[in-house]
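Beneath this line is the structure, given in structure tokens, with notes to follow.
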Amino acid sequence: MERKYNPHEIEPKWQKYWEEKKIYKSDVDKTKEKYYVLEMFPYPSGRIHIGHVRNYTIGDVVARTKKMSGYNVIHPMGWDAFGLPAENAAIEKGIHPAKWTYENIKNMKQQLKRLGFSYDWDREIASCRPEYYKWEQLIFIKMLEKGLAYKKKSSVNWCPSCNTVLANEQVEGGECWRCSSKIETKELEQWFFKITAYAEELLDWCDKLKGWPEKVILMQKNWIGKSYGCEIDFPLADRDGKITVFTTRQDTVFGATFMSLAPEHPLVSELCKGKPEEKTVIDYVAKSKNLTPLQRQMAEYEKEGVFTGSYCINPFTGWKMPIYVANFVLAEYGTGAVMAVPSHDERDFQFAKKYNLPIVVVIQPKDKELDPAEMTEAYTEQGYLVNSGPFNGLFNEEAKEKIARYIEDKGWGKKSINYRLRDWGISRQRYWGAPIPIIYCDKCGTVPVPEKDLPVILPEDITITGKGRSPLAELESFVNTTCPKCGGNAKRDTDTMDTFVESSWYFLRFASPRYDKGMFNPEEIDYWLPVDQYIGGIEHAILHLLYSRFYIKVLRELGLLKFDEPFSNLLTQGMVCMESYRCEEHNYLLPEEVKDDNGKRVCGKCGKEVIVGRVEKMSKSKKNVVDPDDLVNNYGADTSRLFCLFAAPPEKDLDWSERGVEGSYRFIQRVWRLFYNWIEHFETPQERAMPEVSDKNAREIIRFTHKTIKRVTDEAVNKFHFNTAISAIMEFVNFLYTITDVKNYEIKLSMRYAIQHLIILLYPFTPFVCEELWAEMGFKETLYFEKWPVYNPEFIQDEIITIVVQVNGKVRGRFDFPADTPEKEMEAQITADEKLKQYIKGEIKKIIWVPKKLVNIIC
RNA sequence: GCGAGAGUGGCGGAACUGGCAGACGCGCUGGACUUAGGAUCCAGUGGGCAACCGUAGGGGUUCAACUCCCCUCUCUCGCACCA
């Protein structure tokens, strides 16, 4: 009686076995080369989603193949446990964020275990525990000492729905990255990390991160946004003082006809004071302050502003330039002031047209002559300087350098570099986060909590209403404290740190998760870090990855680390997408509510044809969500894993398909049946040696086995092309199915060898079923400790080769030859062939060989 | 607007460094076994009766182009008044 494949029987068994034997435990072993595989740790939202399954399956295959290839692998998992959803749950359901978080962790951990991931759970961490955040509070204080953390009043991005501040990186198109509410601006005292101090280094290292996708590197470079230019001083016309601008186009300075200031520019109120324009200007500034960043963006194309009543002098031309306040000038970038060159800047051109300001051409293209009166848009291309005094005739790129030097010689300004990157604001007016270890004393001012008093523990006796101030600010017992310096009454900072601070260093903590003398044990860090392979979603291309890089540089600066970059190699996996179905009557439908009617998909309730949505991101409202638990309940963990790996290459988006999942399930069953077709015919199934065989078919089995080892190794182990690696294994299985001679002794030996290797090669992808079959063969040791097979180049040589024959570049036939036939001889046979002769017209001019593959006959 | 990437059967996707386009899977068609088949196994499956034509479209280089070069179109992603 053939045994049926039942994942629900074998998977829990092996999960328990792996756990009890602690086979995934990792320890420092200096005799072995280490390999640190890490997937981005999840936020404990309650349940894992299919994207997690994909992410962690990829990581698991990497971990297992590296382990089998001889590395000492560390593969940890933990929880990014602070964050807003815990507080929202508290507001909605009345559960304490801590309780909610720890329960979610418990559930999700169970879900991860079911999927058979090879985590060393002894290293598990949760970032909301005081043993964890204590160390980032300590680093905060050290950063404060070094001037890398500072407090300033600034206008910040405020999410009215989350009731908190967001970093620039967390604002997407004027909306909150989490809840998509429209962002407002607010003036607040905030703590900042001085990431701009590392702008140059972060940029510099971008080019050294060879193991990162180009795309991510580019996004980071753009985010840092380095530009070369000049700062130029424009003296005020009728009084002392000057306006300094930053420009990258100093080559156009002779064309600067007016000046534009950001509404927030500090000189604005002074410049209009006592002028007839004063009231207009004050009103305009007030109006623009009230605008949200989104509203500002809406006004994208409408450039507008007001005249301040004052003038400054263009030092190059001596012109009196009217000073405007303009809505398109950003206070945060450069100096908040722009010299306006309408002829060669699109925004300045529009502004000049609107307010009738002079336009002077200073750069002429080669092929035509620009006339300011006839221009309909600014000329922003390259060209030659005109109207530019001693610089006339120069190519503008050349002029940039010359004018920059001229500016410095004259003392009118200097060369300058500007970055788009801003400092990282980390204060959050929320409860569920790491408290900022700062005390405010009336006498001593801002005082850091002394190291011996750390951690500042987040109090748990708290009620969360979601209304009013931050919950911590309401809690007297937390707020009121004594000053560590003078002992007098003092108050604590009631903000918590951005949760991105926790995720900026968690991968360090994994090296020594229980260490209590510091952030980490230096010896363990020396051995395990940096992370060799990091895997996660592209959505973190800027935020988390940039912050982590910065944090490592800070820790290095503090003398705690010796390396420069946290992640040597990065794999950004694609999203999991799925079709959505919508019925006009019944809105979005679950897949099982959709029926098939002659190839048309109709609503199961009313029979109307459904609208099939573009394959898009899964979302609960569109009912196109796959619950990993259902998947595992239906098909088992092996099938779930296999499908995620097979359906698409890891970095591409994956289209979810129930049919595809069934296909993966079928394949596992096919392997299962193949195994049971043969196992009873093997007299000594545990014999490992490669058999010496002479039978043609038996030799072919050995050859195919070695070819498959090569393909799977190249594709999966070296290139992370898991989809093609699996297809190679499928081809192998298809081939083995063609062998049916169970009585032939040599074939039996070869099949035993082939099936052993099939199980080993498949193991990283579908570990449960492979362990089961391996044990069925009589092996006692888990496959986790098995060595990854190595192919022998001698064994993959074909005895017979097929030569594709082209005539004038078109395929006209194929011929089989023994592999060692000389080319001349093959040529003779091919050209003598009757069928081929009809294509060869006239004299053969040339014969081109691709050795052992193809021949092209030119005539 | 700027920057990057991608366009290959009915679908997801293969194709090393320029050398048989469509591997593998899904779907579909036919057959076998069956009381039954939505199980399993076997065969077929880019288009066209054919010569031939086919990798978004057009041109080029080459004995040979999905692959290299030029132009055009479409889609996706990122940034978005950055001076």
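Chains: A, B, ... in order of the structure tokens. Residues: from 1 per chain. Ligands: from 1, in order shown.
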
Give me, as a Markdown table, each residue of chain B that comes within 10 Å of chain A, together with its shortest interatomic pair and the distance in Å at one decimal, counting only C-alpha atoms (C1' of nucleotides), with rows ordered by chain and rising residue number.
```
| residue | atom | partner | partner_atom | distance |
| --- | --- | --- | --- | --- |
| B:G3 | C1' | A:Asn222 | CA | 8.6 |
| B:A4 | C1' | A:Lys215 | CA | 6.8 |
| B:G5 | C1' | A:Lys215 | CA | 8.3 |
| B:G12 | C1' | A:Ala647 | CA | 6.3 |
| B:G13 | C1' | A:Ala648 | CA | 6.9 |
| B:A14 | C1' | A:Thr724 | CA | 7.5 |
| B:G19 | C1' | A:Val850 | CA | 6.8 |
| B:C20 | C1' | A:Val804 | CA | 6.3 |
| B:A23 | C1' | A:Ser727 | CA | 8.0 |
| B:C24 | C1' | A:Ser727 | CA | 4.5 |
| B:G25 | C1' | A:Gly663 | CA | 7.0 |
| B:C26 | C1' | A:Gly660 | CA | 5.9 |
| B:G27 | C1' | A:Arg659 | CA | 9.0 |
| B:U40 | C1' | A:Arg670 | CA | 10.0 |
| B:C63 | C1' | A:Ile858 | CA | 6.5 |
| B:A64 | C1' | A:Gly809 | CA | 5.6 |
| B:C77 | C1' | A:Lys215 | CA | 9.6 |
| B:G78 | C1' | A:Met219 | CA | 6.6 |
| B:C79 | C1' | A:Asn222 | CA | 7.4 |
| B:A80 | C1' | A:Gly173 | CA | 8.8 |
| B:C81 | C1' | A:Phe328 | CA | 5.3 |
| B:C82 | C1' | A:Arg420 | CA | 6.2 |
| B:A83 | C1' | A:Thr247 | CA | 5.6 |
```

Q | Every residue of stretch 285-447 of chain A that DSSP places in strand (DSSP E), as a ChimeraX atom specification | A | /A:305-313,320-326,337-340,363-364,384-385,413-419,424-425,427-428,438-441,445-447

Write out the residues from the selection above, keeping C-alpha atoms, as a PDB file, in the first residue's frame.
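File out.pdb, as written:
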```pdb
ATOM      1  CA  GLY A 305       5.001  86.243  -4.642  1.00  0.00           C
ATOM      2  CA  VAL A 306       5.077  89.808  -3.380  1.00  0.00           C
ATOM      3  CA  PHE A 307       7.589  92.649  -3.619  1.00  0.00           C
ATOM      4  CA  THR A 308       9.216  93.560  -0.297  1.00  0.00           C
ATOM      5  CA  GLY A 309       9.904  97.170  -1.248  1.00  0.00           C
ATOM      6  CA  SER A 310      13.671  96.662  -0.936  1.00  0.00           C
ATOM      7  CA  TYR A 311      16.482  96.123  -3.407  1.00  0.00           C
ATOM      8  CA  CYS A 312      19.866  94.489  -3.477  1.00  0.00           C
ATOM      9  CA  ILE A 313      22.800  94.868  -5.847  1.00  0.00           C
ATOM     10  CA  LYS A 320      19.425  97.114  -8.553  1.00  0.00           C
ATOM     11  CA  MET A 321      17.513  93.871  -8.052  1.00  0.00           C
ATOM     12  CA  PRO A 322      14.034  94.027  -6.508  1.00  0.00           C
ATOM     13  CA  ILE A 323      13.638  91.590  -3.638  1.00  0.00           C
ATOM     14  CA  TYR A 324      10.544  89.392  -3.682  1.00  0.00           C
ATOM     15  CA  VAL A 325       9.068  86.878  -1.335  1.00  0.00           C
ATOM     16  CA  ALA A 326       8.186  83.875  -3.500  1.00  0.00           C
ATOM     17  CA  ALA A 337      17.246  82.805  -0.972  1.00  0.00           C
ATOM     18  CA  VAL A 338      17.569  82.455  -4.702  1.00  0.00           C
ATOM     19  CA  MET A 339      19.113  84.772  -7.263  1.00  0.00           C
ATOM     20  CA  ALA A 340      16.569  84.813 -10.037  1.00  0.00           C
ATOM     21  CA  ILE A 363      23.811  82.004 -22.390  1.00  0.00           C
ATOM     22  CA  GLN A 364      23.368  81.521 -26.113  1.00  0.00           C
ATOM     23  CA  TYR A 384      28.140  80.157 -24.596  1.00  0.00           C
ATOM     24  CA  LEU A 385      28.203  83.207 -22.377  1.00  0.00           C
ATOM     25  CA  GLY A 413      31.301  84.587  -1.794  1.00  0.00           C
ATOM     26  CA  LYS A 414      32.766  81.123  -2.012  1.00  0.00           C
ATOM     27  CA  LYS A 415      32.452  77.731  -3.608  1.00  0.00           C
ATOM     28  CA  SER A 416      29.950  75.652  -1.746  1.00  0.00           C
ATOM     29  CA  ILE A 417      28.351  72.240  -1.647  1.00  0.00           C
ATOM     30  CA  ASN A 418      24.762  71.642  -0.674  1.00  0.00           C
ATOM     31  CA  TYR A 419      22.891  68.510   0.311  1.00  0.00           C
ATOM     32  CA  TRP A 424      16.727  63.202  11.316  1.00  0.00           C
ATOM     33  CA  GLY A 425      14.036  64.388  13.711  1.00  0.00           C
ATOM     34  CA  SER A 427      11.041  63.037  18.810  1.00  0.00           C
ATOM     35  CA  ARG A 428       7.594  61.467  18.743  1.00  0.00           C
ATOM     36  CA  ILE A 438      16.521  63.747  29.125  1.00  0.00           C
ATOM     37  CA  ILE A 439      15.544  65.792  32.193  1.00  0.00           C
ATOM     38  CA  TYR A 440      14.714  69.492  32.206  1.00  0.00           C
ATOM     39  CA  CYS A 441      15.729  71.458  35.282  1.00  0.00           C
ATOM     40  CA  GLY A 445      18.668  73.344  31.911  1.00  0.00           C
ATOM     41  CA  THR A 446      18.707  70.247  29.730  1.00  0.00           C
ATOM     42  CA  VAL A 447      20.380  67.403  31.623  1.00  0.00           C
TER      43      VAL A 447
END
```

As a check of understanding: the span from atom CA of A:Asn677 to atom CA of A:Tyr665 is 18.4 Å

Correct to one decimal, the distance atom CA of A:Tyr56-atom CA of A:Pro130 is 26.9 Å

Write down as a ChimeraX atom specification the residues belonging to stretch 657-770 of chain A that are assigned helix (DSSP H, G or I) by DSSP computed on the backbone.
-> /A:658-681,696-718,722-737,745-762,767-770

From atom C1' of B:C16 to atom C1' of B:A56 the spacing works out at 25.4 Å

- Message: Would you pick out the contacts of A:Tyr198 at 9 Å or less, using only C-alpha atoms (C1' of nucleotides), so that residues sharing its chain but fewer than 5 positions from it are not included, and give the list as a list in words?
- Response: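 The contact residues come out as Leu203, Phe550, Lys553 and Val554 of chain A.
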
Dump of N, CA, C and O atoms for the selected residues, as a PDB file, in the first residue's frame:
```pdb
ATOM      1  N   LEU A 203      27.377  59.145   1.183  1.00  0.00           N
ATOM      2  CA  LEU A 203      27.387  59.207  -0.277  1.00  0.00           C
ATOM      3  C   LEU A 203      28.592  58.456  -0.836  1.00  0.00           C
ATOM      4  O   LEU A 203      28.485  57.666  -1.774  1.00  0.00           O
ATOM      5  N   PHE A 550      23.795  55.206   8.847  1.00  0.00           N
ATOM      6  CA  PHE A 550      24.203  56.352   9.661  1.00  0.00           C
ATOM      7  C   PHE A 550      24.553  55.911  11.085  1.00  0.00           C
ATOM      8  O   PHE A 550      25.590  56.283  11.634  1.00  0.00           O
ATOM      9  N   LYS A 553      27.842  54.344  11.515  1.00  0.00           N
ATOM     10  CA  LYS A 553      28.946  55.302  11.446  1.00  0.00           C
ATOM     11  C   LYS A 553      29.085  56.056  12.764  1.00  0.00           C
ATOM     12  O   LYS A 553      30.197  56.360  13.206  1.00  0.00           O
ATOM     13  N   VAL A 554      27.953  56.322  13.408  1.00  0.00           N
ATOM     14  CA  VAL A 554      27.996  56.973  14.718  1.00  0.00           C
ATOM     15  C   VAL A 554      28.671  56.048  15.738  1.00  0.00           C
ATOM     16  O   VAL A 554      29.568  56.472  16.481  1.00  0.00           O
TER      17      VAL A 554
END
```

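Residue nearest A:His586 within the list A:Ile760, A:Asn55, A:Tyr534, A:Cys606: A:Cys606 [criterion: smallest interatomic distance, only C-alpha atoms].
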
Counting only C-alpha atoms (C1' of nucleotides), what is within 12 Å of B:A43, bar same-chain residues fewer than 6 positions away, as a PDB file with N, CA, C and O atoms (P, O5', C5', C4', C3', O3' and C1' of nucleotides), in the first residue's frame?
```pdb
ATOM      1  P     U B  29     -10.085  22.080 -22.899  1.00  0.00           P
ATOM      2  O5'   U B  29      -9.341  21.335 -24.105  1.00  0.00           O
ATOM      3  C5'   U B  29      -9.511  21.800 -25.443  1.00  0.00           C
ATOM      4  C4'   U B  29      -8.709  20.939 -26.387  1.00  0.00           C
ATOM      5  C3'   U B  29      -8.902  19.435 -26.226  1.00  0.00           C
ATOM      6  O3'   U B  29     -10.082  18.972 -26.854  1.00  0.00           O
ATOM      7  C1'   U B  29      -6.597  19.914 -26.392  1.00  0.00           C
ATOM      8  P     G B  30     -10.895  17.717 -26.214  1.00  0.00           P
ATOM      9  O5'   G B  30      -9.947  16.489 -26.567  1.00  0.00           O
ATOM     10  C5'   G B  30      -9.885  16.028 -27.918  1.00  0.00           C
ATOM     11  C4'   G B  30      -8.743  15.067 -28.094  1.00  0.00           C
ATOM     12  C3'   G B  30      -8.814  13.793 -27.260  1.00  0.00           C
ATOM     13  O3'   G B  30      -9.713  12.840 -27.778  1.00  0.00           O
ATOM     14  C1'   G B  30      -6.622  14.670 -27.173  1.00  0.00           C
ATOM     15  P     G B  31     -10.469  11.845 -26.758  1.00  0.00           P
ATOM     16  O5'   G B  31      -9.308  10.846 -26.352  1.00  0.00           O
ATOM     17  C5'   G B  31      -8.794   9.917 -27.301  1.00  0.00           C
ATOM     18  C4'   G B  31      -7.537   9.279 -26.773  1.00  0.00           C
ATOM     19  C3'   G B  31      -7.712   8.347 -25.568  1.00  0.00           C
ATOM     20  O3'   G B  31      -8.210   7.070 -25.921  1.00  0.00           O
ATOM     21  C1'   G B  31      -5.840   9.752 -25.231  1.00  0.00           C
ATOM     22  P     A B  32      -9.049   6.206 -24.870  1.00  0.00           P
ATOM     23  O5'   A B  32      -7.904   5.760 -23.860  1.00  0.00           O
ATOM     24  C5'   A B  32      -6.900   4.833 -24.275  1.00  0.00           C
ATOM     25  C4'   A B  32      -5.957   4.565 -23.131  1.00  0.00           C
ATOM     26  C3'   A B  32      -6.631   4.001 -21.875  1.00  0.00           C
ATOM     27  O3'   A B  32      -6.808   2.604 -21.971  1.00  0.00           O
ATOM     28  C1'   A B  32      -5.163   5.768 -21.281  1.00  0.00           C
TER      29        A B  32
END
```

- Residue neighbourhood B:U72, 12 Å, only C-alpha atoms (C1' of nucleotides), exclusion window fewer than 4 positions, as a PyMOL selection string: chain B and resi 56-59

Output file for the residues above (N, CA, C and O atoms (P, O5', C5', C4', C3', O3' and C1' of nucleotides), as a PDB file, in the first residue's frame):
```pdb
ATOM      1  P     A B  56      10.082  42.846 -27.627  1.00  0.00           P
ATOM      2  O5'   A B  56       8.881  43.588 -28.339  1.00  0.00           O
ATOM      3  C5'   A B  56       7.530  43.311 -27.987  1.00  0.00           C
ATOM      4  C4'   A B  56       6.641  44.428 -28.456  1.00  0.00           C
ATOM      5  C3'   A B  56       7.077  45.061 -29.777  1.00  0.00           C
ATOM      6  O3'   A B  56       6.557  44.340 -30.874  1.00  0.00           O
ATOM      7  C1'   A B  56       6.705  46.749 -28.170  1.00  0.00           C
ATOM      8  P     G B  57       7.416  44.296 -32.264  1.00  0.00           P
ATOM      9  O5'   G B  57       7.324  45.784 -32.807  1.00  0.00           O
ATOM     10  C5'   G B  57       6.123  46.260 -33.409  1.00  0.00           C
ATOM     11  C4'   G B  57       6.345  47.647 -33.949  1.00  0.00           C
ATOM     12  C3'   G B  57       7.536  47.794 -34.895  1.00  0.00           C
ATOM     13  O3'   G B  57       7.219  47.398 -36.216  1.00  0.00           O
ATOM     14  C1'   G B  57       7.593  49.521 -33.289  1.00  0.00           C
ATOM     15  P     G B  58       8.380  46.817 -37.160  1.00  0.00           P
ATOM     16  O5'   G B  58       9.271  48.111 -37.447  1.00  0.00           O
ATOM     17  C5'   G B  58       8.766  49.146 -38.283  1.00  0.00           C
ATOM     18  C4'   G B  58       9.745  50.296 -38.344  1.00  0.00           C
ATOM     19  C3'   G B  58      11.150  49.946 -38.820  1.00  0.00           C
ATOM     20  O3'   G B  58      11.237  49.789 -40.222  1.00  0.00           O
ATOM     21  C1'   G B  58      11.289  51.357 -36.933  1.00  0.00           C
ATOM     22  P     G B  59      12.301  48.780 -40.826  1.00  0.00           P
ATOM     23  O5'   G B  59      13.675  49.463 -40.406  1.00  0.00           O
ATOM     24  C5'   G B  59      14.411  50.197 -41.375  1.00  0.00           C
ATOM     25  C4'   G B  59      15.484  51.025 -40.725  1.00  0.00           C
ATOM     26  C3'   G B  59      16.861  50.376 -40.641  1.00  0.00           C
ATOM     27  O3'   G B  59      17.541  50.347 -41.882  1.00  0.00           O
ATOM     28  C1'   G B  59      16.381  51.428 -38.596  1.00  0.00           C
TER      29        G B  59
END
```

Practice task
Select, from A:Trp100, A:Phe720, A:Tyr5, A:Phe140, the residue with the minimum atom-to-atom distance to A:Gly46, counting only C-alpha atoms.
Solution key: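 So, comparing all the options, the nearest one is A:Trp100.
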
Using only C-alpha atoms (C1' of nucleotides), determine which residues lie at most 12 Å from A:Asp122, disregarding the query and same-chain residues fewer than 2 positions distant; provide the list as a list in words. Glu19, Lys22, Ile23, Tyr24, Lys25, Ser26, Asp27, Ile74, His75, Pro76, Met77, Gly78, Ser118, Tyr119, Asp120, Glu124, Ile125, Phe510, Ala511, Ser512, Pro513 and Arg514 of chain A

* What's the 9 Å shell around A:Trp774, counting only C-alpha atoms (C1' of nucleotides), without same-chain residues fewer than 4 positions away, as a list in words? ->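 In the requested form, the answer reads Gln756, Ile759, Ile760, Val769, Cys770, Gly778, Phe779, Lys780, Glu781, Thr782 and Leu783 of chain A.
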
Using all heavy atoms, can you export the residues from the last selection as a short mmCIF file (atom, residue, chain, number, x, y, z; two decimals), in the first residue's frame?
```
data_model
loop_
_atom_site.label_atom_id
_atom_site.label_comp_id
_atom_site.auth_asym_id
_atom_site.auth_seq_id
_atom_site.Cartn_x
_atom_site.Cartn_y
_atom_site.Cartn_z
N GLN A 756 18.87 10.19 -3.75
CA GLN A 756 19.54 10.81 -2.60
C GLN A 756 19.87 12.27 -2.90
O GLN A 756 19.63 13.17 -2.09
CB GLN A 756 20.85 10.06 -2.28
CG GLN A 756 20.64 8.74 -1.57
CD GLN A 756 21.94 7.95 -1.43
OE1 GLN A 756 23.00 8.39 -1.90
NE2 GLN A 756 21.86 6.79 -0.79
N ILE A 759 16.82 14.64 -3.07
CA ILE A 759 16.33 15.05 -1.75
C ILE A 759 17.22 16.14 -1.15
O ILE A 759 16.73 17.13 -0.60
CB ILE A 759 16.25 13.83 -0.80
CG1 ILE A 759 15.21 12.82 -1.33
CG2 ILE A 759 15.89 14.26 0.61
CD1 ILE A 759 15.21 11.49 -0.60
N ILE A 760 18.51 15.99 -1.31
CA ILE A 760 19.44 16.99 -0.75
C ILE A 760 19.26 18.34 -1.46
O ILE A 760 19.19 19.39 -0.82
CB ILE A 760 20.91 16.52 -0.87
CG1 ILE A 760 21.11 15.25 -0.06
CG2 ILE A 760 21.86 17.61 -0.41
CD1 ILE A 760 22.43 14.54 -0.34
N VAL A 769 9.33 17.78 3.84
CA VAL A 769 9.16 16.54 3.07
C VAL A 769 10.51 15.88 2.81
O VAL A 769 10.63 14.65 2.81
CB VAL A 769 8.37 16.81 1.76
CG1 VAL A 769 9.16 17.65 0.78
CG2 VAL A 769 7.94 15.50 1.13
N CYS A 770 11.55 16.67 2.66
CA CYS A 770 12.87 16.10 2.40
C CYS A 770 13.40 15.37 3.64
O CYS A 770 13.97 14.28 3.52
CB CYS A 770 13.84 17.17 1.94
SG CYS A 770 13.43 17.81 0.30
N GLY A 778 16.52 5.76 5.74
CA GLY A 778 17.26 5.15 6.84
C GLY A 778 18.33 6.05 7.43
O GLY A 778 19.07 5.64 8.32
N PHE A 779 18.41 7.29 6.96
CA PHE A 779 19.43 8.18 7.51
C PHE A 779 19.00 8.73 8.86
O PHE A 779 17.83 9.06 9.05
CB PHE A 779 19.71 9.31 6.53
CG PHE A 779 20.35 8.85 5.25
CD1 PHE A 779 19.62 8.83 4.07
CD2 PHE A 779 21.66 8.40 5.24
CE1 PHE A 779 20.19 8.38 2.90
CE2 PHE A 779 22.24 7.95 4.06
CZ PHE A 779 21.51 7.94 2.89
N LYS A 780 19.94 8.82 9.77
CA LYS A 780 19.61 9.23 11.13
C LYS A 780 19.82 10.74 11.36
O LYS A 780 19.20 11.32 12.22
CB LYS A 780 20.49 8.45 12.13
CG LYS A 780 20.27 6.95 12.07
CD LYS A 780 18.95 6.56 12.73
CE LYS A 780 18.74 5.05 12.64
NZ LYS A 780 17.61 4.70 11.75
N GLU A 781 20.73 11.32 10.58
CA GLU A 781 21.08 12.73 10.83
C GLU A 781 20.20 13.64 9.98
O GLU A 781 19.87 13.32 8.85
CB GLU A 781 22.56 12.94 10.47
CG GLU A 781 23.11 14.28 10.88
CD GLU A 781 23.17 14.49 12.38
OE1 GLU A 781 22.11 14.79 12.98
OE2 GLU A 781 24.26 14.32 12.96
N THR A 782 19.84 14.80 10.55
CA THR A 782 19.04 15.75 9.79
C THR A 782 19.83 16.29 8.58
O THR A 782 21.05 16.41 8.63
CB THR A 782 18.60 16.95 10.66
OG1 THR A 782 18.20 18.02 9.81
CG2 THR A 782 19.71 17.44 11.56
N LEU A 783 19.09 16.61 7.54
CA LEU A 783 19.72 17.13 6.32
C LEU A 783 20.38 18.47 6.55
O LEU A 783 21.20 18.91 5.74
CB LEU A 783 18.67 17.25 5.21
CG LEU A 783 18.34 15.96 4.47
CD1 LEU A 783 17.02 16.10 3.73
CD2 LEU A 783 19.45 15.60 3.50
#
```
